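Let me begin by presenting the structure, written as structure tokens, before commenting on it.
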Amino acid sequence: MASFFVPLLAQAGTPDANRQAELKHLLIQDCGSCHGLRMKGGLGPALTPDDLAGKPKESLVATIIHGRHGTAMPPWSALLTENEAEWLIDQLLQGVSP
């Protein structure tokens with residue numbers, strides 16, 4: 001029974017170093033293709049710390065997971081967990097650089 005919970009616990013915490021590297025690559029390449037490689041905007045809005053300040057983290061995570069209907073923002077739920085989306089938001093709030 002403990003082996004059943006180990007994968008769930010792994011999803012609940014901070015991504016491991018390998019997954020963090022994958023997520024950072026996704027952030028720069030995939031998110032950057034619309035939001036700009038420096039996250040200063042493009043097809044999608046800017047995602048700099050100043051632009052995200054004051055926005056609820058839960059709302060930002062929901063946007064990543066579920067996308068934004070009627071916009072170019074796709075849902076990423078097939079590729080990311082909510083914890084991984086939250087990790088990406090934390091990176092954006094700290095300022096991401098390529």
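Residue numbering restarts at 1 in every chain; chains get A, B, ... in the order shown in the structure tokens, and ligands count up from 1 in that same order.
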Residues within 10 Å of segment 56-67 of chain A, only C-alpha atoms, excluding chain neighbours under 6 positions, as a PyMOL selection string: chain A and resi 31+73-90+93
Please produce an output containing C-alpha atoms for each residue in the selection, written as a PDB file, in the first residue's frame.
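In the end it all went to part_25.pdb:
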```pdb
ATOM      1  CA  CYS A  31       5.857  29.799 -23.026  1.00  0.00           C
ATOM      2  CA  MET A  73      -3.451  30.154 -24.338  1.00  0.00           C
ATOM      3  CA  PRO A  74      -3.820  26.356 -24.441  1.00  0.00           C
ATOM      4  CA  PRO A  75      -4.453  24.090 -21.456  1.00  0.00           C
ATOM      5  CA  TRP A  76      -1.273  22.404 -20.251  1.00  0.00           C
ATOM      6  CA  SER A  77      -2.980  19.836 -17.994  1.00  0.00           C
ATOM      7  CA  ALA A  78      -1.892  16.963 -20.246  1.00  0.00           C
ATOM      8  CA  LEU A  79       1.773  17.820 -19.638  1.00  0.00           C
ATOM      9  CA  LEU A  80       1.870  19.504 -16.220  1.00  0.00           C
ATOM     10  CA  THR A  81       0.576  18.888 -12.733  1.00  0.00           C
ATOM     11  CA  GLU A  82      -0.813  21.756 -10.686  1.00  0.00           C
ATOM     12  CA  ASN A  83       2.330  21.604  -8.513  1.00  0.00           C
ATOM     13  CA  GLU A  84       4.508  21.960 -11.599  1.00  0.00           C
ATOM     14  CA  ALA A  85       2.389  24.895 -12.771  1.00  0.00           C
ATOM     15  CA  GLU A  86       2.833  26.470  -9.345  1.00  0.00           C
ATOM     16  CA  TRP A  87       6.605  25.939  -9.603  1.00  0.00           C
ATOM     17  CA  LEU A  88       6.549  27.699 -12.996  1.00  0.00           C
ATOM     18  CA  ILE A  89       4.633  30.625 -11.483  1.00  0.00           C
ATOM     19  CA  ASP A  90       7.219  30.846  -8.700  1.00  0.00           C
ATOM     20  CA  LEU A  93       7.607  35.732  -9.943  1.00  0.00           C
TER      21      LEU A  93
END
```
What parts of chain A does DSSP call alpha helix (DSSP H)? I'd like the answer as a compact mmCIF listing (two decimals) with N, CA, C and O atoms, in the first residue's frame.
```
# COMPACT_ATOMS: atom_id res chain seq x y z
N ALA A 2 2.00 1.24 0.69
CA ALA A 2 2.88 2.40 0.70
C ALA A 2 3.39 2.73 -0.69
O ALA A 2 3.56 3.90 -1.03
N SER A 3 3.61 1.71 -1.52
CA SER A 3 4.09 1.97 -2.88
C SER A 3 3.06 2.73 -3.70
O SER A 3 3.39 3.42 -4.65
N PHE A 4 1.79 2.64 -3.34
CA PHE A 4 0.74 3.38 -4.02
C PHE A 4 0.87 4.88 -3.76
O PHE A 4 0.65 5.69 -4.64
N PHE A 5 1.25 5.26 -2.54
CA PHE A 5 1.30 6.66 -2.17
C PHE A 5 2.59 7.35 -2.57
O PHE A 5 2.62 8.57 -2.66
N VAL A 6 3.66 6.63 -2.83
CA VAL A 6 4.94 7.25 -3.18
C VAL A 6 4.82 8.11 -4.43
O VAL A 6 5.25 9.27 -4.42
N PRO A 7 4.21 7.63 -5.53
CA PRO A 7 4.07 8.51 -6.69
C PRO A 7 3.22 9.75 -6.39
O PRO A 7 3.49 10.83 -6.90
N LEU A 8 2.19 9.60 -5.56
CA LEU A 8 1.37 10.75 -5.21
C LEU A 8 2.15 11.78 -4.42
O LEU A 8 2.02 12.98 -4.64
N LEU A 9 2.99 11.32 -3.52
CA LEU A 9 3.82 12.25 -2.74
C LEU A 9 4.82 12.95 -3.63
O LEU A 9 5.10 14.13 -3.45
N ALA A 10 5.37 12.24 -4.60
CA ALA A 10 6.33 12.86 -5.51
C ALA A 10 5.67 13.99 -6.30
O ALA A 10 6.29 15.01 -6.56
N GLN A 11 4.39 13.83 -6.66
CA GLN A 11 3.69 14.86 -7.40
C GLN A 11 3.37 16.06 -6.51
O GLN A 11 3.25 17.17 -6.99
N ALA A 12 3.22 15.83 -5.21
CA ALA A 12 2.78 16.89 -4.31
C ALA A 12 3.89 17.86 -3.96
O ALA A 12 3.61 18.98 -3.55
N ALA A 17 15.32 17.83 -9.53
CA ALA A 17 16.22 18.65 -10.35
C ALA A 17 16.07 18.39 -11.84
O ALA A 17 16.08 19.34 -12.64
N ASN A 18 15.89 17.13 -12.24
CA ASN A 18 15.72 16.83 -13.66
C ASN A 18 14.43 17.45 -14.19
O ASN A 18 14.41 18.01 -15.28
N ARG A 19 13.35 17.31 -13.44
CA ARG A 19 12.08 17.86 -13.88
C ARG A 19 12.13 19.38 -13.89
O ARG A 19 11.56 20.03 -14.78
N GLN A 20 12.82 19.98 -12.92
CA GLN A 20 12.96 21.43 -12.91
C GLN A 20 13.66 21.92 -14.17
O GLN A 20 13.26 22.93 -14.76
N ALA A 21 14.68 21.19 -14.61
CA ALA A 21 15.38 21.56 -15.85
C ALA A 21 14.44 21.46 -17.04
O ALA A 21 14.44 22.33 -17.92
N GLU A 22 13.62 20.41 -17.08
CA GLU A 22 12.64 20.26 -18.16
C GLU A 22 11.62 21.40 -18.13
O GLU A 22 11.27 21.95 -19.18
N LEU A 23 11.17 21.73 -16.94
CA LEU A 23 10.18 22.79 -16.80
C LEU A 23 10.75 24.16 -17.19
O LEU A 23 10.07 24.96 -17.83
N LYS A 24 11.99 24.40 -16.82
CA LYS A 24 12.62 25.68 -17.20
C LYS A 24 12.75 25.77 -18.72
O LYS A 24 12.50 26.82 -19.31
N HIS A 25 13.13 24.64 -19.35
CA HIS A 25 13.22 24.61 -20.80
C HIS A 25 11.84 24.89 -21.42
O HIS A 25 11.73 25.69 -22.36
N LEU A 26 10.81 24.26 -20.90
CA LEU A 26 9.45 24.48 -21.38
C LEU A 26 9.06 25.95 -21.21
O LEU A 26 8.49 26.56 -22.12
N GLY A 32 7.78 31.03 -23.85
CA GLY A 32 8.46 32.15 -24.47
C GLY A 32 8.09 32.37 -25.93
O GLY A 32 8.20 33.48 -26.45
N SER A 33 7.62 31.31 -26.60
CA SER A 33 7.24 31.48 -28.00
C SER A 33 6.06 32.43 -28.15
O SER A 33 5.92 33.08 -29.18
N CYS A 34 5.22 32.52 -27.15
CA CYS A 34 4.08 33.46 -27.19
C CYS A 34 4.29 34.68 -26.29
O CYS A 34 3.86 35.78 -26.62
N HIS A 35 4.91 34.47 -25.15
CA HIS A 35 5.05 35.54 -24.16
C HIS A 35 6.38 36.28 -24.28
O HIS A 35 6.66 37.17 -23.49
N PRO A 49 7.79 39.71 -13.21
CA PRO A 49 7.33 39.84 -11.82
C PRO A 49 6.42 41.06 -11.62
O PRO A 49 5.40 40.96 -10.92
N ASP A 50 6.75 42.19 -12.24
CA ASP A 50 5.91 43.39 -12.09
C ASP A 50 4.52 43.17 -12.69
O ASP A 50 3.52 43.63 -12.12
N ASP A 51 4.46 42.49 -13.83
CA ASP A 51 3.17 42.26 -14.49
C ASP A 51 2.31 41.26 -13.72
O ASP A 51 1.08 41.32 -13.80
N LEU A 52 2.93 40.35 -13.00
CA LEU A 52 2.20 39.33 -12.26
C LEU A 52 1.90 39.74 -10.82
O LEU A 52 1.09 39.09 -10.16
N LYS A 57 -2.02 33.61 -7.09
CA LYS A 57 -1.28 32.48 -7.63
C LYS A 57 -2.22 31.38 -8.12
O LYS A 57 -1.98 30.77 -9.16
N GLU A 58 -3.31 31.15 -7.40
CA GLU A 58 -4.26 30.11 -7.79
C GLU A 58 -4.85 30.39 -9.17
O GLU A 58 -5.07 29.48 -9.96
N SER A 59 -5.10 31.65 -9.46
CA SER A 59 -5.64 32.04 -10.75
C SER A 59 -4.61 31.82 -11.87
O SER A 59 -4.95 31.36 -12.96
N LEU A 60 -3.36 32.14 -11.58
CA LEU A 60 -2.30 31.94 -12.56
C LEU A 60 -2.09 30.46 -12.84
O LEU A 60 -1.92 30.05 -14.00
N VAL A 61 -2.11 29.64 -11.80
CA VAL A 61 -1.99 28.19 -11.96
C VAL A 61 -3.16 27.67 -12.79
O VAL A 61 -2.97 26.87 -13.72
N ALA A 62 -4.36 28.13 -12.50
CA ALA A 62 -5.54 27.69 -13.26
C ALA A 62 -5.42 28.05 -14.73
O ALA A 62 -5.81 27.27 -15.60
N THR A 63 -4.85 29.21 -15.02
CA THR A 63 -4.66 29.61 -16.41
C THR A 63 -3.71 28.66 -17.12
O THR A 63 -3.96 28.26 -18.26
N ILE A 64 -2.64 28.25 -16.45
CA ILE A 64 -1.70 27.30 -17.06
C ILE A 64 -2.38 25.95 -17.26
O ILE A 64 -2.31 25.37 -18.34
N ILE A 65 -3.03 25.46 -16.26
CA ILE A 65 -3.63 24.13 -16.32
C ILE A 65 -4.81 24.07 -17.29
O ILE A 65 -4.92 23.13 -18.08
N HIS A 66 -5.68 25.06 -17.26
CA HIS A 66 -6.92 25.01 -18.05
C HIS A 66 -6.90 25.87 -19.30
O HIS A 66 -7.82 25.79 -20.11
N GLU A 82 -0.60 20.45 -11.30
CA GLU A 82 -0.81 21.76 -10.69
C GLU A 82 0.42 22.20 -9.90
O GLU A 82 0.76 23.38 -9.89
N ASN A 83 1.11 21.26 -9.26
CA ASN A 83 2.33 21.60 -8.51
C ASN A 83 3.42 22.10 -9.45
O ASN A 83 4.16 23.02 -9.11
N GLU A 84 3.52 21.50 -10.63
CA GLU A 84 4.51 21.96 -11.60
C GLU A 84 4.13 23.34 -12.13
O GLU A 84 5.00 24.20 -12.30
N ALA A 85 2.84 23.57 -12.34
CA ALA A 85 2.39 24.90 -12.77
C ALA A 85 2.70 25.93 -11.69
O ALA A 85 3.14 27.05 -12.00
N GLU A 86 2.51 25.55 -10.44
CA GLU A 86 2.83 26.47 -9.34
C GLU A 86 4.34 26.76 -9.30
O GLU A 86 4.75 27.89 -9.08
N TRP A 87 5.15 25.74 -9.55
CA TRP A 87 6.61 25.94 -9.60
C TRP A 87 6.95 26.92 -10.72
O TRP A 87 7.80 27.80 -10.54
N LEU A 88 6.30 26.78 -11.89
CA LEU A 88 6.55 27.70 -13.00
C LEU A 88 6.17 29.13 -12.61
O LEU A 88 6.91 30.07 -12.91
N ILE A 89 5.04 29.29 -11.94
CA ILE A 89 4.63 30.63 -11.48
C ILE A 89 5.68 31.20 -10.53
O ILE A 89 6.05 32.37 -10.63
N ASP A 90 6.18 30.37 -9.62
CA ASP A 90 7.22 30.85 -8.70
C ASP A 90 8.45 31.32 -9.47
O ASP A 90 9.05 32.34 -9.11
N GLN A 91 8.81 30.61 -10.53
CA GLN A 91 9.95 31.03 -11.35
C GLN A 91 9.68 32.37 -12.02
O GLN A 91 10.54 33.25 -12.05
N LEU A 92 8.47 32.53 -12.54
CA LEU A 92 8.10 33.79 -13.18
C LEU A 92 8.12 34.94 -12.18
O LEU A 92 8.56 36.04 -12.50
N LEU A 93 7.63 34.69 -10.97
CA LEU A 93 7.61 35.73 -9.94
C LEU A 93 9.02 36.14 -9.50
O LEU A 93 9.22 37.26 -9.05
N GLN A 94 9.98 35.24 -9.67
CA GLN A 94 11.38 35.54 -9.34
C GLN A 94 12.08 36.21 -10.51
O GLN A 94 13.17 36.75 -10.33
```
Atom CA of Thr14 of chain A to atom CA of Asp30 of chain A, straight-line distance in Å: 20.8 Å
Distance in Å - atom CA of Gly44 of chain A versus atom CA of Asp16 of chain A: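 So the answer is 28.5 Å.
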With only C-alpha atoms as the basis for distance, which of A:Gly13, A:Leu27, A:Leu43, A:Gly70 is at the shortest distance from Val96 of chain A?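 Looking at the shortest contact to Val96 of chain A, the residue is A:Leu27.
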Using atom CA of Gln29 of chain A and atom CA of Arg68 of chain A as the two end points, give the distance in Å to one decimal.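 Atom-to-atom, atom CA of Gln29 of chain A and atom CA of Arg68 of chain A are spaced 19.4 Å apart.
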